[in-house]
Amino acid sequence: MTARFFLVKLVRAMLTLLLVVSFVFVILRVSGDPTDILLPDDATADTIEYYRTAWGLDKPLHEQYVRYVWSVLHGDFGISLQDNRDALQVVLERVPATLQLGLAALVFSIMLGIPLGIFAALHRNSMADRLTMSFAVLGYAMPNFFLGILLILLFTMSLQWLPSSGSATLWHMIMPVATLGMAAAGTLARFSRSAMLEVLSQSYMRTAKAKGAPRLRRIGWHAMPNAAIPVVTVLGFKIGGLISGALVTETVFAWPGIGRLLVMAVSNRDLPVVQAVVLLVGFTMVVTNLIVDFLYGWLDPRVRVSGASQGA
Amino acid sequence: MSAPLLSIENLTVGFSTERGPVTAVRGVSLAVDAGETLCLVGESGCGKSVTCHAVLGLLPSNGRVTGGRILFEDRDLAAFSERELERLRGREVAMIFQDPLTALNPVHSIGKQLAEVLILHRGLSWDAAKAEVKRLLDRVRIPDAGRRLGEYPHQLSGGMNQRVAIAMAMACRPKLIIADEPTTALDVTIQAQILELLRELQAEEGLALMLVTHDLGVVAEMADRVAVMYLGRVAEEAAVNDLFSAPCHPYTRGLLRSIPRIDENVARLATIEGSVPSLHAVPAGCPFAPRCENACTACVEHVPEPLVRADGRRVACFAPVAA
């Protein structure tokens, strides 16, 4: 049963990826011809025709599509139109920088959001709760390009404490990580709070008290594992948000990751690179969702067992 | 005679609600002797559960004991600190709740949840606790206890979960168990089994039981003495046989009359006219006066104090039913 559960998830994941690839492929092809941008304005019709043939752009759309999917399946993502190198390699070079930023932002949002949410829940309706939640809403609602620029104005321009662009030192990470992680931290704080409040009102919490369990133990052993279930689900969605947020954040702070690469590749119509990035991002999201599904089963015995004994 | 194990004296419990403060329990006095079963009976909202929760300091955050004493072995639990209560709960006084499925934590195995009490109060190691848990599960007649240890509440039936809850309550051999409608959420056949189990364990351990119920069948089955509550007050308290054979308070009589009888063919079931007033609009005099057949002027104007009669019952009524 678990094997079938896994297989269904896997097939669904592959389908999602295929849809992503197809969608991007079509949108990019119909939205403009790369030769318009890559070749100088005074290029002759012959030159244009030459490159169109060389890049396979003269073939009908469906033929290009079949050829593209076929080569992607064989690990060939095409050649970057911008610098003539393997598109996948161009993208993979940028992955570590994005991974570093994304993971740091994820850790930042977890370490900030979840404790704040729990704190607010435990002090429900107090001043501390209201302050914490206002902060969370602010973090969640503020667009990250705006937050990024605010931080640069404050810490680079006025105070001159932190560098505003590049990724050379740890100091360079602070502002991009805060910018990227703030929205996720806000969401996590709100969800942790409501999940915790929900759990605290449950009957088993009263049982725990009636057993003589001290408050810290009731919160740590009885409440938190239950509250973690909805929070993990949200966390899965937030990882998707981090990736899209990386586009803006990397651009604002000139961070050399795939987000900035994608923005540049789109404006240059470097189709193979755009497709490789989108596929990679899609792949990451799909894998993340799979991990969340399994984490869910691990956290919640009800999911674990009913999944295994269904139809028994 | 020695002092009772638990003696509630003039207990008053208030709640702050969005519609203003309410007093859910108004001057309730009750006593439970070692080894005896006291049943608290009454309709929803009469304060029977609140009284029980107050004993262990389990009132929700908007509730507070505003008066009276709760003496357990001569210590006033109402004056206990949270730390002192933590040491008492589950060790000297344990509690069983209504719906066993929601009363157990869904993410921990029943073995771990049982072991927690032993580790908390008896300082057992996990391994020692595990052996003891198995013994406890055998004790509450859960078949195949060794395997059940690792199972979760949702894998067990309601009756089995309630057995687990009982095992949890028994784990530290408390002197008093408070059971808040322990069979209300269960099927009738399971109810009988659970009550039977409670009675057996009570006899073996000699523990006292304070049983909250609205089911007079349960009362007849279990109680030594019964306290009938109405709108935050004790209307009548008596030995179970006295109460059933000759109710004194008009409310008790009404309750008994409204039990359907299998040996009589009646067209309509007797009911008590009217409905229980809201806690926000408690009548000035006897709370039952507006619905009472015997009500007189005094009943509307004054609250009757509970009087102890020659046969040991306590009745709070100006115009009791003639015996």
# chains A, B, ... in the order shown; residues from 1 in each chain; ligands from 1

$ residues_around --residues "stretch 124-128 of chain A" --least-positions-apart "4" --cutoff "12 Å" --atoms "only C-alpha atoms" --output "ChimeraX atom specification"
/A:116-120,132-135,193-194,196-198,200 /B:61

$ interface_residues --of "chain A" --to "chain B" --cutoff "10 Å" --atoms "only C-alpha atoms" --output "VMD selection string"
chain A and resid 201 to 215 221 to 223 225 to 226 229 298 to 302 305 to 306

$ residues_around --residues "stretch 216-228 of chain B" --least-positions-apart "5" --cutoff "6 Å" --atoms "only C-alpha atoms" --output "list in words"
Thr37, Leu38, Cys39, Leu40, Val41, Gly42, Val234, Ala235, Glu236, Glu237, Ala238, Ala239 and Val240 of chain B

$ write_last_selection --atoms "N, CA, C and O atoms" --output "short mmCIF file (atom, residue, chain, number, x, y, z; two decimals), in the first residue's frame"
data_model
loop_
_atom_site.label_atom_id
_atom_site.label_comp_id
_atom_site.auth_asym_id
_atom_site.auth_seq_id
_atom_site.Cartn_x
_atom_site.Cartn_y
_atom_site.Cartn_z
N THR B 37 -18.75 6.03 46.86
CA THR B 37 -19.03 6.64 45.57
C THR B 37 -20.10 7.70 45.73
O THR B 37 -21.20 7.41 46.20
N LEU B 38 -19.73 8.91 45.38
CA LEU B 38 -20.71 10.00 45.39
C LEU B 38 -21.02 10.34 43.94
O LEU B 38 -20.12 10.58 43.15
N CYS B 39 -22.32 10.32 43.60
CA CYS B 39 -22.70 10.72 42.25
C CYS B 39 -23.21 12.15 42.27
O CYS B 39 -24.00 12.52 43.14
N LEU B 40 -22.76 12.93 41.30
CA LEU B 40 -23.29 14.28 41.12
C LEU B 40 -24.21 14.23 39.90
O LEU B 40 -23.78 13.88 38.82
N VAL B 41 -25.47 14.57 40.12
CA VAL B 41 -26.45 14.48 39.03
C VAL B 41 -27.05 15.84 38.75
O VAL B 41 -27.19 16.66 39.67
N GLY B 42 -27.43 16.05 37.54
CA GLY B 42 -28.11 17.29 37.20
C GLY B 42 -28.08 17.51 35.70
O GLY B 42 -27.38 16.81 34.98
N VAL B 234 -26.67 22.62 45.36
CA VAL B 234 -27.10 21.27 45.65
C VAL B 234 -28.56 21.34 46.11
O VAL B 234 -28.87 22.02 47.09
N ALA B 235 -29.45 20.68 45.36
CA ALA B 235 -30.86 20.70 45.75
C ALA B 235 -31.12 19.67 46.84
O ALA B 235 -31.79 19.94 47.82
N GLU B 236 -30.54 18.48 46.64
CA GLU B 236 -30.79 17.42 47.60
C GLU B 236 -29.61 16.47 47.60
O GLU B 236 -29.03 16.18 46.56
N GLU B 237 -29.26 15.98 48.79
CA GLU B 237 -28.21 14.99 48.87
C GLU B 237 -28.70 13.88 49.79
O GLU B 237 -29.19 14.14 50.88
N ALA B 238 -28.58 12.63 49.32
CA ALA B 238 -29.12 11.53 50.12
C ALA B 238 -28.46 10.23 49.74
O ALA B 238 -27.80 10.15 48.69
N ALA B 239 -28.64 9.21 50.58
CA ALA B 239 -28.20 7.88 50.21
C ALA B 239 -29.01 7.45 49.00
O ALA B 239 -30.18 7.83 48.85
N VAL B 240 -28.39 6.63 48.15
CA VAL B 240 -29.01 6.35 46.86
C VAL B 240 -30.41 5.72 47.00
O VAL B 240 -31.34 6.11 46.30
#

$ residues_around --residues "stretch 149-162 of chain A" --least-positions-apart "4" --cutoff "10 Å" --atoms "only C-alpha atoms" --output "PyMOL selection string"
chain A and resi 144-145+171-176+178-179+249+252-253

$ residues_around --residues "stretch 130-144 of chain B" --least-positions-apart "2" --cutoff "8 Å" --atoms "only C-alpha atoms" --output "list in words"
Gly111, Leu114, Ala115, Trp126, Asp127, Ala128, Gly146, Arg147, Arg148, Leu149, Met160, Arg163, Val164, Ile166, Ala167, Ala171 and Leu197 of chain B

$ select_by_dssp --residues "stretch 71-172 of chain B" --states "helix (DSSP H, G or I)" --output "PyMOL selection string"
chain B and resi 77-79+82-88+100-103+110-122+126-139+145-148+153-155+158-170

$ atom_distance --atom1 "atom CA of A:Ile291" --atom2 "atom CA of A:Asp76"
26.8 Å

$ select_by_dssp --residues "stretch 50-263 of chain B" --states "strand (DSSP E)" --output "MDAnalysis selection string"
chainID B and resid 63:72 75:76 93:96 176:180 208:213 225:230 233:239

$ write_last_selection --atoms "N, CA, C and O atoms" --output "compact mmCIF listing (two decimals), in the first residue's frame"
# COMPACT_ATOMS: atom_id res chain seq x y z
N GLY B 63 -12.21 30.98 34.44
CA GLY B 63 -12.93 30.57 35.64
C GLY B 63 -12.06 30.67 36.88
O GLY B 63 -10.84 30.55 36.80
N ARG B 64 -12.68 30.88 38.03
CA ARG B 64 -11.92 31.07 39.25
C ARG B 64 -12.75 30.65 40.46
O ARG B 64 -13.96 30.93 40.50
N VAL B 65 -12.10 30.02 41.42
CA VAL B 65 -12.78 29.74 42.68
C VAL B 65 -12.85 31.04 43.44
O VAL B 65 -11.83 31.64 43.76
N THR B 66 -14.08 31.52 43.71
CA THR B 66 -14.20 32.84 44.35
C THR B 66 -14.56 32.73 45.83
O THR B 66 -14.61 33.73 46.53
N GLY B 67 -14.82 31.50 46.28
CA GLY B 67 -15.11 31.37 47.70
C GLY B 67 -15.18 29.91 48.11
O GLY B 67 -15.33 29.03 47.27
N GLY B 68 -15.02 29.67 49.39
CA GLY B 68 -15.14 28.32 49.92
C GLY B 68 -13.82 27.59 49.99
O GLY B 68 -12.77 28.12 49.62
N ARG B 69 -13.88 26.37 50.49
CA ARG B 69 -12.67 25.58 50.66
C ARG B 69 -12.87 24.20 50.03
O ARG B 69 -13.99 23.70 49.93
N ILE B 70 -11.77 23.61 49.59
CA ILE B 70 -11.81 22.25 49.07
C ILE B 70 -10.81 21.46 49.90
O ILE B 70 -9.60 21.53 49.65
N LEU B 71 -11.29 20.78 50.92
CA LEU B 71 -10.36 20.10 51.82
C LEU B 71 -10.17 18.65 51.37
O LEU B 71 -11.12 17.87 51.30
N PHE B 72 -8.93 18.32 51.05
CA PHE B 72 -8.60 16.94 50.73
C PHE B 72 -7.60 16.49 51.79
O PHE B 72 -6.51 17.04 51.89
N ARG B 75 -6.13 19.30 53.68
CA ARG B 75 -5.37 20.35 53.01
C ARG B 75 -6.31 21.08 52.07
O ARG B 75 -7.09 20.44 51.36
N ASP B 76 -6.24 22.41 52.05
CA ASP B 76 -7.16 23.18 51.23
C ASP B 76 -6.61 23.32 49.80
O ASP B 76 -5.70 24.09 49.53
N VAL B 93 -5.15 12.40 43.50
CA VAL B 93 -6.49 12.53 42.93
C VAL B 93 -6.34 12.45 41.42
O VAL B 93 -5.55 13.19 40.84
N ALA B 94 -7.05 11.53 40.79
CA ALA B 94 -6.94 11.40 39.34
C ALA B 94 -8.30 11.66 38.71
O ALA B 94 -9.32 11.69 39.40
N MET B 95 -8.27 11.87 37.42
CA MET B 95 -9.52 12.25 36.76
C MET B 95 -9.72 11.45 35.47
O MET B 95 -8.76 11.14 34.77
N ILE B 96 -10.97 11.14 35.19
CA ILE B 96 -11.33 10.46 33.93
C ILE B 96 -12.33 11.36 33.22
O ILE B 96 -13.27 11.86 33.85
N LEU B 176 -8.60 9.08 45.40
CA LEU B 176 -9.88 9.56 44.85
C LEU B 176 -9.78 9.66 43.34
O LEU B 176 -8.79 10.16 42.82
N ILE B 177 -10.81 9.14 42.67
CA ILE B 177 -10.89 9.34 41.23
C ILE B 177 -12.14 10.14 40.93
O ILE B 177 -13.22 9.85 41.44
N ILE B 178 -11.97 11.19 40.17
CA ILE B 178 -13.12 11.99 39.74
C ILE B 178 -13.40 11.60 38.30
O ILE B 178 -12.53 11.68 37.45
N ALA B 179 -14.61 11.13 38.05
CA ALA B 179 -14.95 10.70 36.70
C ALA B 179 -16.05 11.60 36.17
O ALA B 179 -17.16 11.64 36.71
N ASP B 180 -15.74 12.37 35.12
CA ASP B 180 -16.68 13.33 34.57
C ASP B 180 -17.42 12.70 33.39
O ASP B 180 -16.90 12.63 32.30
N ALA B 208 -12.01 6.12 46.59
CA ALA B 208 -13.27 6.84 46.54
C ALA B 208 -13.51 7.32 45.12
O ALA B 208 -12.57 7.57 44.38
N LEU B 209 -14.79 7.43 44.77
CA LEU B 209 -15.14 7.81 43.41
C LEU B 209 -16.13 8.96 43.46
O LEU B 209 -17.12 8.90 44.18
N MET B 210 -15.83 9.99 42.72
CA MET B 210 -16.78 11.08 42.56
C MET B 210 -17.20 11.04 41.11
O MET B 210 -16.39 11.28 40.22
N LEU B 211 -18.45 10.68 40.88
CA LEU B 211 -18.90 10.38 39.52
C LEU B 211 -19.94 11.41 39.08
O LEU B 211 -20.97 11.56 39.71
N VAL B 212 -19.61 12.09 38.01
CA VAL B 212 -20.55 13.07 37.46
C VAL B 212 -21.34 12.40 36.37
O VAL B 212 -20.79 11.72 35.51
N THR B 213 -22.65 12.55 36.40
CA THR B 213 -23.45 11.94 35.34
C THR B 213 -24.78 12.66 35.23
O THR B 213 -25.20 13.37 36.14
N ARG B 225 -23.98 7.48 47.65
CA ARG B 225 -24.78 8.67 47.93
C ARG B 225 -24.90 9.50 46.66
O ARG B 225 -24.07 9.39 45.75
N VAL B 226 -25.95 10.32 46.61
CA VAL B 226 -26.21 11.12 45.42
C VAL B 226 -26.40 12.57 45.81
O VAL B 226 -27.05 12.85 46.82
N ALA B 227 -25.81 13.47 45.04
CA ALA B 227 -26.12 14.89 45.21
C ALA B 227 -26.75 15.37 43.92
O ALA B 227 -26.19 15.22 42.85
N VAL B 228 -27.97 15.91 44.05
CA VAL B 228 -28.66 16.43 42.87
C VAL B 228 -28.39 17.92 42.81
O VAL B 228 -28.61 18.64 43.79
N MET B 229 -27.87 18.38 41.68
CA MET B 229 -27.54 19.80 41.57
C MET B 229 -28.49 20.49 40.60
O MET B 229 -28.94 19.91 39.63
N TYR B 230 -28.77 21.75 40.91
CA TYR B 230 -29.58 22.55 40.02
C TYR B 230 -29.06 23.98 40.02
O TYR B 230 -28.96 24.61 41.08
N ARG B 233 -26.37 24.94 42.59
CA ARG B 233 -26.58 24.62 44.00
C ARG B 233 -26.93 23.15 44.16
O ARG B 233 -27.45 22.53 43.24
N VAL B 234 -26.67 22.62 45.36
CA VAL B 234 -27.10 21.27 45.65
C VAL B 234 -28.56 21.34 46.11
O VAL B 234 -28.87 22.02 47.09
N ALA B 235 -29.45 20.68 45.36
CA ALA B 235 -30.86 20.70 45.75
C ALA B 235 -31.12 19.67 46.84
O ALA B 235 -31.79 19.94 47.82
N GLU B 236 -30.54 18.48 46.64
CA GLU B 236 -30.79 17.42 47.60
C GLU B 236 -29.61 16.47 47.60
O GLU B 236 -29.03 16.18 46.56
N GLU B 237 -29.26 15.98 48.79
CA GLU B 237 -28.21 14.99 48.87
C GLU B 237 -28.70 13.88 49.79
O GLU B 237 -29.19 14.14 50.88
N ALA B 238 -28.58 12.63 49.32
CA ALA B 238 -29.12 11.53 50.12
C ALA B 238 -28.46 10.23 49.74
O ALA B 238 -27.80 10.15 48.69
N ALA B 239 -28.64 9.21 50.58
CA ALA B 239 -28.20 7.88 50.21
C ALA B 239 -29.01 7.45 49.00
O ALA B 239 -30.18 7.83 48.85

$ closest_residue --among "A:Leu170, A:Pro96, A:Ile114, A:Ala195" --to "A:Ala227" --atoms "only C-alpha atoms"
A:Ala195

$ residues_around --residues "B:Ala281" --least-positions-apart "5" --cutoff "12 Å" --atoms "only C-alpha atoms" --output "ChimeraX atom specification"
/B:19-24,231,276,287

$ write_last_selection --atoms "N, CA and C atoms" --output "short mmCIF file (atom, residue, chain, number, x, y, z; two decimals), in the first residue's frame"
data_model
loop_
_atom_site.label_atom_id
_atom_site.label_comp_id
_atom_site.auth_asym_id
_atom_site.auth_seq_id
_atom_site.Cartn_x
_atom_site.Cartn_y
_atom_site.Cartn_z
N ARG B 19 -20.60 38.09 28.03
CA ARG B 19 -21.84 38.73 28.48
C ARG B 19 -21.79 39.10 29.96
N GLY B 20 -20.59 39.19 30.50
CA GLY B 20 -20.47 39.58 31.89
C GLY B 20 -20.17 38.39 32.77
N PRO B 21 -19.89 38.66 34.06
CA PRO B 21 -19.51 37.58 34.96
C PRO B 21 -20.71 36.68 35.29
N VAL B 22 -20.46 35.39 35.43
CA VAL B 22 -21.51 34.49 35.90
C VAL B 22 -20.95 33.66 37.04
N THR B 23 -21.85 33.23 37.91
CA THR B 23 -21.47 32.34 38.99
C THR B 23 -22.03 30.97 38.67
N ALA B 24 -21.15 30.03 38.34
CA ALA B 24 -21.62 28.72 37.90
C ALA B 24 -21.87 27.79 39.08
N LEU B 231 -28.69 24.45 38.87
CA LEU B 231 -28.25 25.83 38.69
C LEU B 231 -27.21 26.27 39.73
N VAL B 276 -34.28 25.21 32.13
CA VAL B 276 -33.30 25.74 33.08
C VAL B 276 -32.98 27.18 32.70
N PRO B 287 -33.65 28.75 42.94
CA PRO B 287 -33.47 28.73 41.49
C PRO B 287 -34.50 27.87 40.76
#

$ residues_around --residues "B:Ala295" --least-positions-apart "6" --cutoff "12 Å" --atoms "only C-alpha atoms" --output "PyMOL selection string"
chain B and resi 249-251+285-289+301-304+317-321

$ closest_residue --among "B:Glu196, B:Gln162, B:Pro306, B:Ser29" --to "B:Pro182" --atoms "only C-alpha atoms"
B:Gln162
